[in-house]
Every structure is written in C-alpha cells, then in structure tokens.
Amino acid sequence: MKKLTSLALCSLLASATLAATTVYAAPVSEVVQSDIRSASNKARDEFRNPQQTLNFFGIEDTMTVVEIWPGGGWYSEILAPMLADKGVFYAAHFPSGTDVEYFNKNLPKYQAKLANSKGMEKTKLTGFHPKYTTELAPAGSADAVLTFRNLHNFYMNGDDALKTTLAAAFTALKPGGIFGVVDHRLPENLDAEQYRPSGYVKQSIVISMAKAAGFELVAESAVNANPLDNAQHEKGVWTLAPTFALGDKDRAKYATLGESDRMTLKFIKPNKM
C-alpha cells in the first residue's frame with residue numbers, strides 16, 4: 001500500500017513539474033500573465049487590453065490564426081505560445097527581398113525574436129504586402145485573421161492597398177472565419193482625406209470597405225476606446241504614447257492622455273457566398 005502511495009505521489013509530482021515548465025496551449029489569460037512576455041510589452045497592457053481583445057474576437061488555442069504585420073511581435077508573444085501546441089500561428093510579416101529599407105531592417109529582428117524566444121519557434125512566417133506578395137496563409141486555412149493597428153498603414157497608401165489587404169484576409173479565411181480589427185479611429189466629423197496621413201481612419205470607412213470585400217460585421221467593442229483622444233495632433237497618432245513624436249514638447253500632457261482611441265471590430269467570412 002505504501003509502495004502504491006509512493007508511486008502515486010511520484011506521478012503527481014511529475015505532473016506538477018510538467019505543468020510548471022510547459023509554455024504551450026495556455027488560455028489567453030495565462031499567456032498574458034506569463035513570463036514568456038517581456039516586461040516592456042506587459043507595461044502596455046493597460047492601453048492594448050490583449051486578454052479582453054482576444055476574448056472578444058473568440059480566439060482559442062486550437063485555431064489557425066494569422067497576424068498581419070506583427071511588427072516587433074507584441075501580440076505574437078501571446079499568440080505564438082498560445083497556439084503552439086494545438087493550433088497554428090502564421091505571422092504575415094514584411095516580405096523579404098524588396099528595396100524597402102524599413103522592411104529589410106525590421107524583418108530580421110522579428111526572425112531573431114522567433115528563434116530566440118520561448119514558445120515562438122513554431123511560428124509559420126510568411127511575407128505580405130499589397131504591392132509585392134498577397135498570400136497571408138494558404139487559401140481557406142485560417143480560423144482567424146487579426147490586424148492590430150495596421151489597416152491605417154495600407155489606407156495611407158490609398159484605397160487600393162487597403163482593398164488588396166482585405167481581399168487577402170478574406171481569401172486566407174475558412175468560411176465562418178473571424179477577421180479581427182483594432183485600429184486608430186478618426187472621428188466621423190473630421191475630413192477623411194485631410195487626415196489620411198495621420199494614422200487614423202474612420203470606423204465607417206473600415207466597415208464599408210470590409211463589407212465590400214465580402215465580410216459581415218458581427219460585433220464591435222469599446223475595450224480599446226479612449227474618449228480623451230480627439231485625433232487632432234501635430235504629428236498624427238505618433239504624437240501620442242508610445243512614440244511621442246514631438247519629443248519633450250507637451251510630453252506630460254500626452255502621457256496623461258494615454259494611447260489612441262481605437263476601434264475594435266469583429267467580422268466574419270460568411271459560410272455561404
């Protein structure tokens with residue numbers, strides 16, 4: 001009896017050790033709070049609300065998820081470990097082999113992050129740009145395509161660039177798949193063309209163009225809203241934290257204001273076309 005109890009105890013201890021060291025397949029809340037993420041990225045949770053945002057989009061650890069232009073990997077630090085065991089994570093980063101200096105500088109940094117960060121090594125890296133390559137992931141493979149503060153980049157380069165991006169997301173998704181959008185919101189009473197270079201875009205424009213691409217809007221959330229932001233800043237959205245494009249000028253004021261007012265929209269690709 002004592003031997004059986006001892007074996008059972010050893011088994012429990014082994015299970016506890018495994019649970020303590022496993023970094024994959026955790027729910028959103030566990031990954032958000034884990035030491036997988038850098039302290040500097042965690043510090044922005046107050047403004048980016050990753051747990052609430054991903055829960056709103058309905059992201060689960062068994063899904064195939066695409067992130068468009070993940071930048072330095074802020075959301076990738078959450079999505080990659082969460083999906084590594086049961087799901088698939090595609091990072092549709094900048095394309096390689098272009099003459100764009102910004103791409104050539106930042107893509108290797110992201111590649112190094114994937115190679116050297118716990119829980120991110122299973123990421124499937126693809127390249128995306130409306131001008132160069134438009135496949136985010138294999139057609140019809142994704143349960144969700146997510147874009148965090150990126151659609152404005154395409155919008156700034158003209159409606160066609162944004163249309164191409166929306167079409168690419170639609171193509172990558174399975175029928176019934178989720179298209180999740182977070183972006184800087186321009187007040188509806190301001191002139192869209194005047195503020196196109198500002199990094200802000202009207203929510204009505206995003207919704208209208210997404211619908212034209214075939215998506216259905218199913219929900220919107222105020223989780224990333226900031227009513228203190230009127231979007232009228234000297235250097236656009238980059239005037240605000242974390243960029244502070246004006247340097248020390250009015251820095252205290254902008255630090256108090258916080259980050260941008262953001263729309264959070266959930267679309268789906270209809271099951272029947």
# chains A, B, ... in the order shown; residues from 1 in each chain; ligands from 1

call {"tool": "residues_around", "arguments": {"residues": "Asn189 (chain A)", "least_positions_apart": "4", "cutoff": "12 Å", "atoms": "only C-alpha atoms", "output": "number ranges by chain"}}
result
A: 185, 194-195, 201-204, 230-232

call {"tool": "select_by_dssp", "arguments": {"residues": "region 36-126 of chain A", "states": "alpha helix (DSSP H)", "output": "ChimeraX atom specification"}}
result
/A:39-42,45-48,50-57,76-83,101-116

call {"tool": "write_last_selection", "arguments": {"atoms": "N, CA, C and O atoms", "output": "short mmCIF file (atom, residue, chain, number, x, y, z; two decimals), in the first residue's frame"}}
result
data_model
loop_
_atom_site.label_atom_id
_atom_site.label_comp_id
_atom_site.auth_asym_id
_atom_site.auth_seq_id
_atom_site.Cartn_x
_atom_site.Cartn_y
_atom_site.Cartn_z
N ALA A 39 8.81 42.43 -20.07
CA ALA A 39 8.25 43.40 -19.12
C ALA A 39 7.78 44.66 -19.84
O ALA A 39 6.75 45.25 -19.50
N SER A 40 8.53 45.08 -20.87
CA SER A 40 8.15 46.30 -21.59
C SER A 40 6.84 46.11 -22.35
O SER A 40 6.04 47.05 -22.46
N ASN A 41 6.61 44.91 -22.87
CA ASN A 41 5.35 44.65 -23.56
C ASN A 41 4.19 44.57 -22.57
O ASN A 41 3.10 45.08 -22.83
N LYS A 42 4.41 43.94 -21.44
CA LYS A 42 3.37 43.86 -20.41
C LYS A 42 2.95 45.25 -19.93
O LYS A 42 1.79 45.48 -19.60
N ASP A 45 -0.15 46.73 -21.52
CA ASP A 45 -1.45 46.04 -21.42
C ASP A 45 -2.57 46.99 -21.03
O ASP A 45 -3.72 46.81 -21.43
N GLU A 46 -2.22 47.99 -20.24
CA GLU A 46 -3.21 48.97 -19.79
C GLU A 46 -3.93 49.63 -20.96
O GLU A 46 -5.11 49.96 -20.88
N PHE A 47 -3.19 49.82 -22.05
CA PHE A 47 -3.75 50.52 -23.21
C PHE A 47 -4.16 49.58 -24.34
O PHE A 47 -5.02 49.92 -25.15
N ARG A 48 -3.55 48.38 -24.40
CA ARG A 48 -3.82 47.49 -25.52
C ARG A 48 -4.78 46.35 -25.16
O ARG A 48 -5.30 45.69 -26.05
N PRO A 50 -4.91 43.12 -24.17
CA PRO A 50 -4.83 41.91 -25.01
C PRO A 50 -5.80 40.80 -24.61
O PRO A 50 -6.38 40.15 -25.47
N GLN A 51 -5.96 40.59 -23.32
CA GLN A 51 -6.84 39.50 -22.88
C GLN A 51 -8.27 39.76 -23.30
O GLN A 51 -8.93 38.90 -23.90
N GLN A 52 -8.75 40.97 -23.02
CA GLN A 52 -10.13 41.31 -23.38
C GLN A 52 -10.33 41.33 -24.89
O GLN A 52 -11.38 40.89 -25.40
N THR A 53 -9.33 41.81 -25.62
CA THR A 53 -9.44 41.91 -27.07
C THR A 53 -9.49 40.53 -27.72
O THR A 53 -10.36 40.27 -28.58
N LEU A 54 -8.59 39.64 -27.33
CA LEU A 54 -8.57 38.30 -27.93
C LEU A 54 -9.80 37.49 -27.53
O LEU A 54 -10.32 36.70 -28.32
N ASN A 55 -10.28 37.69 -26.31
CA ASN A 55 -11.51 37.02 -25.90
C ASN A 55 -12.70 37.54 -26.71
O ASN A 55 -13.60 36.77 -27.08
N PHE A 56 -12.73 38.84 -26.97
CA PHE A 56 -13.80 39.42 -27.79
C PHE A 56 -13.80 38.82 -29.19
O PHE A 56 -14.85 38.50 -29.74
N PHE A 57 -12.62 38.63 -29.76
CA PHE A 57 -12.52 38.03 -31.09
C PHE A 57 -12.83 36.53 -31.07
O PHE A 57 -13.07 35.94 -32.12
N SER A 76 2.42 38.77 -31.00
CA SER A 76 2.98 37.45 -31.29
C SER A 76 3.45 36.75 -30.03
O SER A 76 3.39 35.52 -29.93
N GLU A 77 3.95 37.52 -29.05
CA GLU A 77 4.38 36.94 -27.79
C GLU A 77 3.24 36.24 -27.06
O GLU A 77 3.47 35.36 -26.23
N ILE A 78 2.02 36.62 -27.38
CA ILE A 78 0.84 36.00 -26.77
C ILE A 78 0.31 34.89 -27.68
O ILE A 78 0.08 33.76 -27.24
N LEU A 79 0.15 35.20 -28.95
CA LEU A 79 -0.48 34.27 -29.88
C LEU A 79 0.37 33.04 -30.16
O LEU A 79 -0.14 31.91 -30.20
N ALA A 80 1.66 33.22 -30.37
CA ALA A 80 2.52 32.08 -30.73
C ALA A 80 2.54 31.01 -29.65
O ALA A 80 2.30 29.83 -29.93
N PRO A 81 2.82 31.34 -28.38
CA PRO A 81 2.81 30.30 -27.34
C PRO A 81 1.42 29.70 -27.12
O PRO A 81 1.29 28.50 -26.87
N MET A 82 0.40 30.53 -27.24
CA MET A 82 -0.96 30.05 -27.03
C MET A 82 -1.36 28.99 -28.05
O MET A 82 -2.04 28.01 -27.74
N LEU A 83 -0.89 29.15 -29.29
CA LEU A 83 -1.31 28.28 -30.39
C LEU A 83 -0.31 27.18 -30.70
O LEU A 83 -0.60 26.29 -31.52
N GLU A 101 13.88 49.79 -47.20
CA GLU A 101 14.86 49.73 -46.11
C GLU A 101 14.21 49.36 -44.78
O GLU A 101 14.77 48.59 -44.00
N TYR A 102 13.04 49.93 -44.52
CA TYR A 102 12.35 49.64 -43.25
C TYR A 102 12.05 48.15 -43.12
O TYR A 102 12.22 47.56 -42.05
N PHE A 103 11.60 47.52 -44.21
CA PHE A 103 11.33 46.09 -44.18
C PHE A 103 12.61 45.30 -43.92
O PHE A 103 12.64 44.38 -43.10
N ASN A 104 13.66 45.67 -44.66
CA ASN A 104 14.92 44.93 -44.56
C ASN A 104 15.57 45.07 -43.19
O ASN A 104 16.35 44.20 -42.77
N LYS A 105 15.25 46.14 -42.49
CA LYS A 105 15.80 46.37 -41.16
C LYS A 105 15.02 45.62 -40.09
O LYS A 105 15.61 45.07 -39.14
N ASN A 106 13.70 45.58 -40.23
CA ASN A 106 12.86 45.06 -39.15
C ASN A 106 12.48 43.59 -39.27
O ASN A 106 12.25 42.93 -38.26
N LEU A 107 12.43 43.06 -40.49
CA LEU A 107 12.13 41.64 -40.64
C LEU A 107 13.16 40.76 -39.94
O LEU A 107 12.78 39.83 -39.21
N PRO A 108 14.47 41.00 -40.10
CA PRO A 108 15.45 40.17 -39.38
C PRO A 108 15.31 40.23 -37.87
O PRO A 108 15.59 39.23 -37.18
N LYS A 109 14.90 41.37 -37.34
CA LYS A 109 14.69 41.48 -35.89
C LYS A 109 13.57 40.55 -35.44
O LYS A 109 13.67 39.89 -34.39
N TYR A 110 12.51 40.50 -36.23
CA TYR A 110 11.41 39.62 -35.87
C TYR A 110 11.82 38.15 -36.02
O TYR A 110 11.47 37.31 -35.17
N GLN A 111 12.57 37.85 -37.06
CA GLN A 111 13.05 36.48 -37.24
C GLN A 111 13.92 36.05 -36.06
O GLN A 111 13.83 34.90 -35.59
N ALA A 112 14.76 36.95 -35.57
CA ALA A 112 15.60 36.64 -34.41
C ALA A 112 14.75 36.42 -33.17
O ALA A 112 15.05 35.54 -32.35
N LYS A 113 13.68 37.19 -33.05
CA LYS A 113 12.78 37.03 -31.91
C LYS A 113 12.13 35.65 -31.93
O LYS A 113 12.04 34.98 -30.89
N LEU A 114 11.71 35.21 -33.09
CA LEU A 114 11.11 33.88 -33.21
C LEU A 114 12.10 32.80 -32.82
O LEU A 114 11.75 31.82 -32.14
N ALA A 115 13.33 32.97 -33.24
CA ALA A 115 14.35 31.94 -33.00
C ALA A 115 14.81 31.89 -31.55
O ALA A 115 15.19 30.83 -31.05
N ASN A 116 14.71 33.02 -30.86
CA ASN A 116 15.31 33.10 -29.53
C ASN A 116 14.32 33.27 -28.39
O ASN A 116 14.74 33.42 -27.24
#

call {"tool": "atom_distance", "arguments": {"atom1": "CA of Ala213 (chain A)", "atom2": "CA of Ala225 (chain A)"}}
result
25.2 Å

call {"tool": "atom_distance", "arguments": {"atom1": "CA of Leu240 (chain A)", "atom2": "CA of Pro130 (chain A)"}}
result
27.5 Å

call {"tool": "closest_residue", "arguments": {"among": "A:Asp143, A:Asp160, A:Glu220, A:Glu188", "to": "Lys131 (chain A)", "atoms": "only C-alpha atoms"}}
result
A:Asp160
